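Q: Provided herewith is a single structure, encoded as structure tokens, for subsequent inquiry.
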2 protein chains.
Amino acid sequence: MKDIDKLRHSCAHLLAAAVVSLWPEAKPAIGPVIDNGFYYDFDLPQPISNKDLAKIEKQMRKIAPTWAGFEKQKISYSQAQEFFKDNPYKLELINELKKDKQPITVYKSSDFVDLCRGGHIDNPNKQLKYFKLLSVAGAYWRGDENNKMLTRIYGTCFFNQDDLDDYLRQLDEAQKRDHKKLGPQLDLFLFSPLVGAGLPLWTPKGTLVRNLLDEYVWQLRQAKGYQKVTIPHLTKKDLYEKSGHWQKFADELFKIKTREKHLFVLKPMNCPHHTQIYAHHKRSYKDLPQRYAETTMVYRDEQSGELAGLTRVRCITQDDSHVFCRFNQVKQEFLNIWQIVDIFYKSFGFKLSLRLSFHDPDHFENYLGTPELWQKAEADIEKIAQSQDNSFTVAKGEAAFYGPKVDFIAIDSLNRQWQVATIQLDINMPERFDLFCINEKGEKERIVMIHAAIMGSIERFIGVLIEHLAGALPTWLSPEQIWVTPIGREHLDYAVKVNNHLVEKGFRSLLNQEGSLGRRLRNFQKEKVPYAIIIGNQEMTNNTVSIRNRQGNQTNQVKLDDFINRLDQEIASKKLELSW
Amino acid sequence: MKDIDKLRHSCAHLLAAAVVSLWPEAKPAIGPVIDNGFYYDFDLPQPISNKDLAKIEKQMRKIAPTWAGFEKQKISYSQAQEFFKDNPYKLELINELKKDKQPITVYKSSDFVDLCRGGHIDNPNKQLKYFKLLSVAGAYWRGDENNKMLTRIYGTCFFNQDDLDDYLRQLDEAQKRDHKKLGPQLDLFLFSPLVGAGLPLWTPKGTLVRNLLDEYVWQLRQAKGYQKVTIPHLTKKDLYEKSGHWQKFADELFKIKTREKHLFVLKPMNCPHHTQIYAHHKRSYKDLPQRYAETTMVYRDEQSGELAGLTRVRCITQDDSHVFCRFNQVKQEFLNIWQIVDIFYKSFGFKLSLRLSFHDPDHFENYLGTPELWQKAEADIEKIAQSQDNSFTVAKGEAAFYGPKVDFIAIDSLNRQWQVATIQLDINMPERFDLFCINEKGEKERIVMIHAAIMGSIERFIGVLIEHLAGALPTWLSPEQIWVTPIGREHLDYAVKVNNHLVEKGFRSLLNQEGSLGRRLRNFQKEKVPYAIIIGNQEMTNNTVSIRNRQGNQTNQVKLDDFINRLDQEIASKKLELSW
């Protein structure tokens with residue numbers, strides 16, 4: 001365990017101690033460390049809200065100086081059951097440990113005792129100072145909707161005040177940009193309780209954004225010789241038994257018993273289906289590479305507690321592709337995809353870092369194929385990565401079960417890291433599905449597959465993009481690009497004319513005439529529309545327009561054609577900054 | 001029962017008698033009348049093929065003159081069980097009749113006795129003359145893959161030789177055009193045994209055709225103010241309980257039990273999801289109509305025995321749309337859709353006939369809502385239909401459970417009828433989902449929904465289109481439009497130049513250089529490619545091309561730019577005939 005994690009884990013103990021001292025009937029459930037902090041779930045005798053956090057924090061600061069250390073005690077199952085007899089959550093955990101024949105340890109600080117595996121700091125009274133409770137949320141016990149809803153308290157802790165302040169500032173900015181708030185506010189997507197959690201519905205505006213992004217990826221792919229294919233979302237179980245997914249991922253698969261009692265599966269990925277299109281014909285080496293692209297939804301049976309906005313959903317739209325090629329074509333195909341990834345992410349101002357995800361030789365049972373195949377494939381990938389002037393890290397144990405991967409990590413404007421695009425070399429599916437081409441000698445030759453997604457999950461990418469750009473999508477991607485805003489009634493006719501002209505030229509332009517001028521000019525900025533065209537007496541007299549952008553900068557008396565020309569260039573080049 | 005059905009039903013008895021007299025161990029199962037004929041399923045002691053049909057037909061002609069009539073006998077359950085004791089299929093039927101307390105009748109002709117509900121001709125010895133056995137196929141007992149595979153023999157029968165001959169001629173033409181043969185031959189789609197029956201996979205060529213068709217419909221819709229939306233294929237059961245689909249269609253729904261034991265459903269239609277997008281905001285009357293369009297796959301748990309090529313699948317791609325509007329906007333919205341349907345089907349040379357599908361007042365329990373709502377809605381639709389200079393029929397009992405429909409029937413080049421587009425007025429979903437707008441008075445006003453699909457099922461439409469055009473898709477829709485064909489090696493460079501120029505101009509043009517010239521010129525016609533450009537000495541010298549179309553007509557020495565201009569016009573106008 002890293003030191004910072006030990007610190008935060010210790011702070012979770014402190015939180016539990018404070019909550020129990022404030023509400024003696026409170027039942028602490030679990031309190032793990034997470035990225036950038038920790039949480040603790042409680043079954044509380046009364047509901048609490050964010051307003052109560054100050055009181056709890058005060059109690060924590062009162063208790064902390066009394067904690068000299070964490071005293072470890074190994075106890076028997078029956079002792080543990082006796083000690084936690086009033087806490088059904090700890091009892092459930094104890095029974096599981098017993099079932100798995102794991103030892104039971106508790107840790108004691110002052111008079112607070114918690115069931116715990118260990119990993120603490122040495123001097124809580126000195127080190128537990130720079131913490132902050134962040135929020136209260138409901139959370140089902142073990143993330144399962146069928147269980148009781150508990151109260152989750154999130155917090156964080158650092159080794160010094162400066163780090164804590166930095167983090168809180170970043171958090172504040174991230175909260176303002178939270179896609180779960182901004183997305184519905186910009187009317188891009190929604191969730192319906194009747195449809196269910198993790199299943200977003202996309203409005204006309206959100207669908208436009210999805211389709212524009214997808215079209216961009218497609219343009220880049222088409223130039224590299226890709227072709228679109230189409231598959232159903234359903235398959236007999238047989239396909240995944242053959243591919244090996246059934247054995248590896250059965251838990252996460254949505255399974256369907258048909259009326260004829262057959263077992264069908266909702267697809268969690270597309271590769272096995274795509275192999276069937278390749279395998280349907282005998283392919284000559286002259287037909288290779290075959291490059292199939294398909295943007296399609298895949299489904300995973302995620303637990304309710306794991307779902308979060310667009311970043312973790314049950315319905316994932318993948319911009320997926322599979323290249324079927326010979327071994328000697330792998331490098332060029334990898335580089336083609338690499339180029340698409342570079343162009344795509346740079347146009348949004350993301351920095352990219354690179355991770356080679358290789359297999360873990362100590363756990364070879366997690367992978368298909370032979371060690372020799374893996375070593376060769378990984379050596380090839382490392383060589384390709386070296387040929388690209390990119391620095392990279394190697395992560396053992398992060399490979400897909402069928403082959404090694406190149407994972408691209410996007411670094412956003414708040415310096416957060418998001419795993420996005422991936423290129424995967426697959427040496428195993430072609431074996432399992434017996435995929436080959438007929439080579440120059442007229443013989444069957446085993447081929448190789450390359451899996452690649454550029455956005456990965458369109459849902460997740462849009463979530464990341466909204467937060468990265470604080471909702472201000474570039475003009476080419478904005479569902480509404482221009483609001484034509486007449487100052488008064490007398491300017492309406494001219495405004496209509498201007499708006500019609502813009503629509504005819506293919507811009508997404510609207511008339512902005514509801515409410516007061518002030519409200520109309522506030523609203524276009526609030527809705528992150530790139531431009532307002534403002535029309536008053538001067539503009540009508542001079543046959544011009546005035547342009548205000550969403551940052552509030554205004555340029556007066558512009559010829560409409562000049563605006564159109566600059567806008568055309570801005571859109572065609574997919575520029576991130578506004579032209580005016 | 002219609003006379004022709006009585007004739008064919010009688011002929012099915014004759015077929016069973018002939019089969020049993022040839023193979024005494026044969027067990028007849030069921031033998032219903034179908035469109036244009038009949039079939040009978042047998043459990044046979046040995047496999048038979050189409051080659052055996054002549055022998056069976058000969059036997060039928062031997063038996064027919066001995067059949068003076070059909071003698072009806074009502075017998076008890078135990079008598080029936082005794083009589084059919086060696087035939088498990090008839091026993092299963094008898095037991096079901098017994099369970100339902102239905103009487104049992106058998107019909108005897110000469111010495112052949114069959115379990116039968118009745119419906120025969122009077123003089124089999126005179127009338128059973130103009131019949132023909134058509135084919136042998138495997139068919140699971142009751143269409144269920146889990147049951148034994150039986151042998152199905154298809155046949156037809158008419159009252160005179162001319163009608164039989166006409167039908168056989170039409171059948172012959174239809175067989176040549178069968179999309180189940182032509183589709184894979186043109187490399188448009190395929191089925192994989194690992195994925196399963198009724199779940200087609202679409203190749204690059206097939207996907208192009210799907211997308212071009214969909215794009216065409218979208219262009220027509222966009223001009224009418226439609227917007228695209230996007231929904232997942234999954235939902236909690238709750239959505240369909242609210243909509244009423246759960247109660248009406250539970251059998252045909254693919255149901256999913258999640259790992260958390262929730263009941264999810266794979267969507268069989270899109271309307272309930274779309275209501276959630278509408279309902280997410282409070283809508284002003286000024287925001288109406290909201291017109292949502294989405295091309296998306298829906299899933300139905302069809303029985304294996306019902307599946308057929310692309311015309312009956314488990315995965316249906318619908319070009320669906322829902323208009324949310326006020327009652328006084330219904331007529332205009334109906335007419336907008338009507339216009340799209342007209343333009344779309346005429347561009348493929350289909351004639352359209354019209355059916356108003358209304359509710360059956362004698363079975364009002366099958367519908368949602370009140371009789372008054374239905375009467376008003378149907379009167380409105382009839383008025384709209386009358387305003388369109390169209391003759392129509394009214395079909396009582398053919399409505400959707402939520403409202404009356406206008407169904408369009410396309411008549412293909414073989415004079416066959418296919419139900420295709422549909423416009424449905426829905427007065428019930430808005431009630432169930434409480435959909436409203438805020439009207440001019442600031443009050444809540446109930447709205448109405450219009451469901452419409454243009455192609456309906458893209459799978460089915462492509463199946464119908466292939467048979468209608470015998471695979472010769474119009475140029476705009478052909479996955480490959482031009483094969484540039486150099487006569488000899490020495491013409492290759494010029495051919496490459498011509499091909500590159502065509503590709504740059506946006507045509508789907510390929511170089512046709514594998515194999516002998518004769519084979520290459522046969523192949524482009526076989527693959528229904530609209531044009532081959534042929535390049536030899538003369539063309540190189542004169543800087544021209546020669547054009548051969550897929551009917552085999554050739555025009556020599558054409559300037560490439562002239563060809564391109566004519567082709568551009570042909571494609572832009574979506575002409576059905578080739579320009580050269």
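Chain labels follow the order of the structure tokens: the first chain is A, the next B, and so on; residue numbering restarts at 1 in every chain, and ligands are counted from 1 in their shown order.
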Fewer than 4 positions away in the same chain doesn't count, so skip those; otherwise give me all residues within 8 Å of stretch 40-57 of chain B, counting only C-alpha atoms, as a PDB file with N, CA and C atoms, in the first residue's frame.
A:
ATOM      1  N   ALA B  12     -54.055 -31.615 -49.541  1.00  0.00           N
ATOM      2  CA  ALA B  12     -53.113 -32.001 -48.484  1.00  0.00           C
ATOM      3  C   ALA B  12     -53.459 -33.396 -47.964  1.00  0.00           C
ATOM      4  N   LEU B  15     -52.146 -35.797 -50.469  1.00  0.00           N
ATOM      5  CA  LEU B  15     -50.696 -35.948 -50.325  1.00  0.00           C
ATOM      6  C   LEU B  15     -50.373 -36.925 -49.187  1.00  0.00           C
ATOM      7  N   ALA B  16     -51.055 -36.742 -48.044  1.00  0.00           N
ATOM      8  CA  ALA B  16     -50.783 -37.621 -46.895  1.00  0.00           C
ATOM      9  C   ALA B  16     -51.119 -39.072 -47.242  1.00  0.00           C
ATOM     10  N   ALA B  18     -51.063 -40.458 -50.166  1.00  0.00           N
ATOM     11  CA  ALA B  18     -50.053 -40.990 -51.086  1.00  0.00           C
ATOM     12  C   ALA B  18     -48.778 -41.350 -50.335  1.00  0.00           C
ATOM     13  N   VAL B  19     -48.346 -40.478 -49.435  1.00  0.00           N
ATOM     14  CA  VAL B  19     -47.110 -40.719 -48.689  1.00  0.00           C
ATOM     15  C   VAL B  19     -47.255 -41.976 -47.827  1.00  0.00           C
ATOM     16  N   LEU B  22     -47.084 -45.066 -49.886  1.00  0.00           N
ATOM     17  CA  LEU B  22     -45.738 -45.381 -50.358  1.00  0.00           C
ATOM     18  C   LEU B  22     -44.840 -45.852 -49.214  1.00  0.00           C
ATOM     19  N   TRP B  23     -44.970 -45.182 -48.036  1.00  0.00           N
ATOM     20  CA  TRP B  23     -44.155 -45.532 -46.865  1.00  0.00           C
ATOM     21  C   TRP B  23     -45.095 -45.798 -45.695  1.00  0.00           C
ATOM     22  N   GLU B  25     -44.837 -46.749 -42.840  1.00  0.00           N
ATOM     23  CA  GLU B  25     -44.437 -46.326 -41.484  1.00  0.00           C
ATOM     24  C   GLU B  25     -44.479 -44.816 -41.313  1.00  0.00           C
ATOM     25  N   ALA B  26     -44.701 -44.079 -42.397  1.00  0.00           N
ATOM     26  CA  ALA B  26     -44.708 -42.609 -42.300  1.00  0.00           C
ATOM     27  C   ALA B  26     -45.781 -42.149 -41.326  1.00  0.00           C
ATOM     28  N   LYS B  27     -45.435 -41.107 -40.514  1.00  0.00           N
ATOM     29  CA  LYS B  27     -46.402 -40.551 -39.565  1.00  0.00           C
ATOM     30  C   LYS B  27     -46.740 -39.123 -39.982  1.00  0.00           C
ATOM     31  N   PRO B  28     -47.943 -38.916 -40.538  1.00  0.00           N
ATOM     32  CA  PRO B  28     -48.340 -37.539 -40.886  1.00  0.00           C
ATOM     33  C   PRO B  28     -48.510 -36.712 -39.609  1.00  0.00           C
ATOM     34  N   ALA B  29     -48.008 -35.471 -39.643  1.00  0.00           N
ATOM     35  CA  ALA B  29     -48.125 -34.603 -38.467  1.00  0.00           C
ATOM     36  C   ALA B  29     -49.229 -33.566 -38.704  1.00  0.00           C
ATOM     37  N   ILE B  30     -48.888 -32.420 -39.348  1.00  0.00           N
ATOM     38  CA  ILE B  30     -49.953 -31.458 -39.682  1.00  0.00           C
ATOM     39  C   ILE B  30     -49.798 -31.008 -41.128  1.00  0.00           C
ATOM     40  N   GLY B  31     -50.918 -30.591 -41.727  1.00  0.00           N
ATOM     41  CA  GLY B  31     -50.920 -30.230 -43.141  1.00  0.00           C
ATOM     42  C   GLY B  31     -51.819 -29.054 -43.435  1.00  0.00           C
ATOM     43  N   PRO B  32     -51.404 -27.841 -43.079  1.00  0.00           N
ATOM     44  CA  PRO B  32     -52.281 -26.679 -43.259  1.00  0.00           C
ATOM     45  C   PRO B  32     -52.212 -26.080 -44.671  1.00  0.00           C
ATOM     46  N   ARG B  61     -52.047 -39.068 -58.096  1.00  0.00           N
ATOM     47  CA  ARG B  61     -52.918 -39.139 -59.279  1.00  0.00           C
ATOM     48  C   ARG B  61     -53.592 -40.510 -59.382  1.00  0.00           C
ATOM     49  N   LYS B 132     -49.589 -29.678 -58.005  1.00  0.00           N
ATOM     50  CA  LYS B 132     -48.153 -29.841 -58.251  1.00  0.00           C
ATOM     51  C   LYS B 132     -47.448 -29.820 -56.901  1.00  0.00           C
ATOM     52  N   LEU B 133     -46.572 -30.828 -56.669  1.00  0.00           N
ATOM     53  CA  LEU B 133     -45.728 -30.778 -55.474  1.00  0.00           C
ATOM     54  C   LEU B 133     -44.500 -29.932 -55.803  1.00  0.00           C
ATOM     55  N   LEU B 134     -44.107 -29.073 -54.872  1.00  0.00           N
ATOM     56  CA  LEU B 134     -43.115 -28.055 -55.208  1.00  0.00           C
ATOM     57  C   LEU B 134     -41.735 -28.293 -54.605  1.00  0.00           C
ATOM     58  N   SER B 135     -41.694 -28.692 -53.354  1.00  0.00           N
ATOM     59  CA  SER B 135     -40.369 -28.830 -52.729  1.00  0.00           C
ATOM     60  C   SER B 135     -40.456 -29.618 -51.428  1.00  0.00           C
ATOM     61  N   VAL B 136     -39.285 -30.067 -50.989  1.00  0.00           N
ATOM     62  CA  VAL B 136     -39.141 -30.770 -49.716  1.00  0.00           C
ATOM     63  C   VAL B 136     -38.239 -29.921 -48.828  1.00  0.00           C
ATOM     64  N   ALA B 139     -38.369 -29.315 -41.266  1.00  0.00           N
ATOM     65  CA  ALA B 139     -39.114 -28.386 -40.414  1.00  0.00           C
ATOM     66  C   ALA B 139     -39.273 -29.030 -39.054  1.00  0.00           C
ATOM     67  N   LEU B 150     -38.857 -32.747 -38.890  1.00  0.00           N
ATOM     68  CA  LEU B 150     -39.751 -33.516 -39.761  1.00  0.00           C
ATOM     69  C   LEU B 150     -39.476 -33.161 -41.211  1.00  0.00           C
ATOM     70  N   THR B 151     -40.136 -33.891 -42.112  1.00  0.00           N
ATOM     71  CA  THR B 151     -39.997 -33.609 -43.537  1.00  0.00           C
ATOM     72  C   THR B 151     -41.252 -32.879 -44.012  1.00  0.00           C
ATOM     73  N   ARG B 152     -41.049 -31.666 -44.522  1.00  0.00           N
ATOM     74  CA  ARG B 152     -42.189 -30.876 -44.995  1.00  0.00           C
ATOM     75  C   ARG B 152     -42.255 -30.958 -46.519  1.00  0.00           C
ATOM     76  N   ILE B 153     -43.411 -31.305 -47.038  1.00  0.00           N
ATOM     77  CA  ILE B 153     -43.610 -31.319 -48.496  1.00  0.00           C
ATOM     78  C   ILE B 153     -44.576 -30.200 -48.847  1.00  0.00           C
ATOM     79  N   TYR B 154     -44.096 -29.294 -49.715  1.00  0.00           N
ATOM     80  CA  TYR B 154     -44.928 -28.176 -50.168  1.00  0.00           C
ATOM     81  C   TYR B 154     -45.602 -28.528 -51.486  1.00  0.00           C
TER      82      TYR B 154
END
Q: Quick one: contact table of chain A to chain B, 6 Å max, nearest atom pair and distance in Å to one decimal per residue, counting only C-alpha atoms, chain and number order, as a Markdown table?
A:
| residue | atom | partner | partner_atom | distance |
| --- | --- | --- | --- | --- |
| A:Leu194 | CA | B:Leu239 | CA | 4.9 |
| A:Val195 | CA | B:Thr235 | CA | 4.5 |
| A:Gly196 | CA | B:Lys236 | CA | 5.7 |
| A:Leu201 | CA | B:Ile231 | CA | 4.9 |
| A:Trp202 | CA | B:Thr230 | CA | 4.9 |
| A:Thr203 | CA | B:Val229 | CA | 5.3 |
| A:Pro204 | CA | B:Val229 | CA | 4.9 |
| A:Thr207 | CA | B:Val229 | CA | 5.4 |
| A:Gln227 | CA | B:Pro204 | CA | 5.7 |
| A:Lys228 | CA | B:Pro204 | CA | 5.4 |
| A:Val229 | CA | B:Pro204 | CA | 4.9 |
| A:Thr230 | CA | B:Trp202 | CA | 4.9 |
| A:Ile231 | CA | B:Leu201 | CA | 4.9 |
| A:Thr235 | CA | B:Val195 | CA | 4.5 |
| A:Lys236 | CA | B:Val195 | CA | 5.1 |
| A:Asp238 | CA | B:Leu194 | CA | 5.5 |
| A:Leu239 | CA | B:Leu194 | CA | 4.9 |
| A:Lys255 | CA | B:Ile256 | CA | 6.0 |
| A:Ile256 | CA | B:Ile256 | CA | 5.1 |
Q: What would the file look like if the residues just selected were written as a PDB file, in the first residue's frame with N, CA and C atoms?
A:
ATOM      1  N   LEU A 194     -37.816   4.791 -15.556  1.00  0.00           N
ATOM      2  CA  LEU A 194     -38.528   3.654 -16.143  1.00  0.00           C
ATOM      3  C   LEU A 194     -37.600   2.792 -16.996  1.00  0.00           C
ATOM      4  N   VAL A 195     -36.620   3.427 -17.639  1.00  0.00           N
ATOM      5  CA  VAL A 195     -35.677   2.693 -18.489  1.00  0.00           C
ATOM      6  C   VAL A 195     -34.570   2.089 -17.631  1.00  0.00           C
ATOM      7  N   GLY A 196     -34.082   2.872 -16.662  1.00  0.00           N
ATOM      8  CA  GLY A 196     -33.128   2.304 -15.720  1.00  0.00           C
ATOM      9  C   GLY A 196     -31.777   2.989 -15.702  1.00  0.00           C
ATOM     10  N   LEU A 201     -30.440   8.046 -22.436  1.00  0.00           N
ATOM     11  CA  LEU A 201     -31.232   8.374 -23.630  1.00  0.00           C
ATOM     12  C   LEU A 201     -30.668   9.680 -24.181  1.00  0.00           C
ATOM     13  N   TRP A 202     -30.523   9.760 -25.478  1.00  0.00           N
ATOM     14  CA  TRP A 202     -29.865  10.911 -26.106  1.00  0.00           C
ATOM     15  C   TRP A 202     -30.870  11.783 -26.830  1.00  0.00           C
ATOM     16  N   THR A 203     -30.897  13.042 -26.452  1.00  0.00           N
ATOM     17  CA  THR A 203     -31.800  14.026 -27.062  1.00  0.00           C
ATOM     18  C   THR A 203     -31.337  14.334 -28.488  1.00  0.00           C
ATOM     19  N   PRO A 204     -32.131  15.117 -29.236  1.00  0.00           N
ATOM     20  CA  PRO A 204     -31.665  15.537 -30.567  1.00  0.00           C
ATOM     21  C   PRO A 204     -30.285  16.198 -30.521  1.00  0.00           C
ATOM     22  N   THR A 207     -27.620  13.558 -29.714  1.00  0.00           N
ATOM     23  CA  THR A 207     -27.457  12.641 -30.840  1.00  0.00           C
ATOM     24  C   THR A 207     -26.621  13.286 -31.938  1.00  0.00           C
ATOM     25  N   GLN A 227     -14.010  -0.252 -44.076  1.00  0.00           N
ATOM     26  CA  GLN A 227     -15.366  -0.421 -44.594  1.00  0.00           C
ATOM     27  C   GLN A 227     -16.301  -0.690 -43.423  1.00  0.00           C
ATOM     28  N   LYS A 228     -17.515  -0.172 -43.505  1.00  0.00           N
ATOM     29  CA  LYS A 228     -18.463  -0.406 -42.413  1.00  0.00           C
ATOM     30  C   LYS A 228     -19.135  -1.776 -42.561  1.00  0.00           C
ATOM     31  N   VAL A 229     -19.359  -2.428 -41.450  1.00  0.00           N
ATOM     32  CA  VAL A 229     -20.161  -3.662 -41.409  1.00  0.00           C
ATOM     33  C   VAL A 229     -21.240  -3.488 -40.343  1.00  0.00           C
ATOM     34  N   THR A 230     -22.192  -4.416 -40.312  1.00  0.00           N
ATOM     35  CA  THR A 230     -23.309  -4.300 -39.366  1.00  0.00           C
ATOM     36  C   THR A 230     -23.651  -5.666 -38.792  1.00  0.00           C
ATOM     37  N   ILE A 231     -23.760  -5.729 -37.472  1.00  0.00           N
ATOM     38  CA  ILE A 231     -24.100  -6.995 -36.813  1.00  0.00           C
ATOM     39  C   ILE A 231     -25.248  -6.775 -35.829  1.00  0.00           C
ATOM     40  N   THR A 235     -26.592 -12.903 -29.890  1.00  0.00           N
ATOM     41  CA  THR A 235     -25.997 -14.096 -30.482  1.00  0.00           C
ATOM     42  C   THR A 235     -26.322 -15.301 -29.621  1.00  0.00           C
ATOM     43  N   LYS A 236     -26.252 -16.470 -30.224  1.00  0.00           N
ATOM     44  CA  LYS A 236     -26.279 -17.687 -29.426  1.00  0.00           C
ATOM     45  C   LYS A 236     -25.032 -17.713 -28.545  1.00  0.00           C
ATOM     46  N   ASP A 238     -23.130 -20.010 -28.197  1.00  0.00           N
ATOM     47  CA  ASP A 238     -22.096 -20.777 -28.902  1.00  0.00           C
ATOM     48  C   ASP A 238     -20.934 -19.909 -29.379  1.00  0.00           C
ATOM     49  N   LEU A 239     -21.260 -18.694 -29.876  1.00  0.00           N
ATOM     50  CA  LEU A 239     -20.224 -17.812 -30.403  1.00  0.00           C
ATOM     51  C   LEU A 239     -19.187 -17.486 -29.329  1.00  0.00           C
ATOM     52  N   LYS A 255     -27.694 -12.295 -20.142  1.00  0.00           N
ATOM     53  CA  LYS A 255     -28.083 -13.586 -20.724  1.00  0.00           C
ATOM     54  C   LYS A 255     -29.587 -13.632 -20.942  1.00  0.00           C
ATOM     55  N   ILE A 256     -29.980 -14.303 -22.012  1.00  0.00           N
ATOM     56  CA  ILE A 256     -31.392 -14.369 -22.386  1.00  0.00           C
ATOM     57  C   ILE A 256     -31.796 -15.811 -22.612  1.00  0.00           C
TER      58      ILE A 256
END
Q: Please provide the set of residues having any atom within 12 Å of B:Lys176, restricted to only C-alpha atoms, with same-chain residues fewer than 4 positions apart removed, written as number ranges by chain.
A: B: 169-172, 180-183, 185, 414, 466-471
Q: When you look at A:Asp3 with a cut-off of 12 Å (counting only C-alpha atoms), what residues show up, excluding the ones that are within fewer than 2 positions of it in the same chain? I need them as a list in words.
A: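 So the residues in contact are Met1, Asp5, Lys6, Leu7, Arg8, His9, Ser10, Val33, Gly119, His120, Ile121, Asp122, Gln127, Cys157, Phe158 and Phe159 of chain A.
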Q: I want to know what sits within 8 Å of B:Lys351, based on only C-alpha atoms, with residues of the same chain fewer than 4 positions away left out; could you give that as a list in words?
A: Tyr345, Lys346, Ala410, Ile411 and Asp412 of chain B
Q: Using N, CA and C atoms, can you write the selected residues to a file as a JSON list (two decimals), in the first residue's frame?
A:
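After the write, again22.json holds the following:
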[["chain", "number", "residue", "atom", "x", "y", "z"],
["B", 345, "TYR", "N", -41.14, 5.13, -52.38],
["B", 345, "TYR", "CA", -41.51, 3.90, -53.08],
["B", 345, "TYR", "C", -41.56, 4.08, -54.59],
["B", 346, "LYS", "N", -41.97, 5.28, -55.03],
["B", 346, "LYS", "CA", -42.00, 5.52, -56.48],
["B", 346, "LYS", "C", -40.61, 5.46, -57.06],
["B", 410, "ALA", "N", -46.90, -2.34, -50.89],
["B", 410, "ALA", "CA", -46.15, -2.17, -52.15],
["B", 410, "ALA", "C", -46.44, -3.37, -53.05],
["B", 411, "ILE", "N", -46.65, -3.08, -54.33],
["B", 411, "ILE", "CA", -46.90, -4.14, -55.30],
["B", 411, "ILE", "C", -45.65, -4.26, -56.16],
["B", 412, "ASP", "N", -45.03, -5.43, -56.16],
["B", 412, "ASP", "CA", -43.71, -5.55, -56.81],
["B", 412, "ASP", "C", -43.84, -5.95, -58.26]]
Q: When you count only C-alpha atoms, which of these residues is closest to A:Ile409: A:His451, A:Lys98, A:Arg446, A:Arg355?
A: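 The shortest atom-to-atom distance to A:Ile409 comes from A:Arg355.
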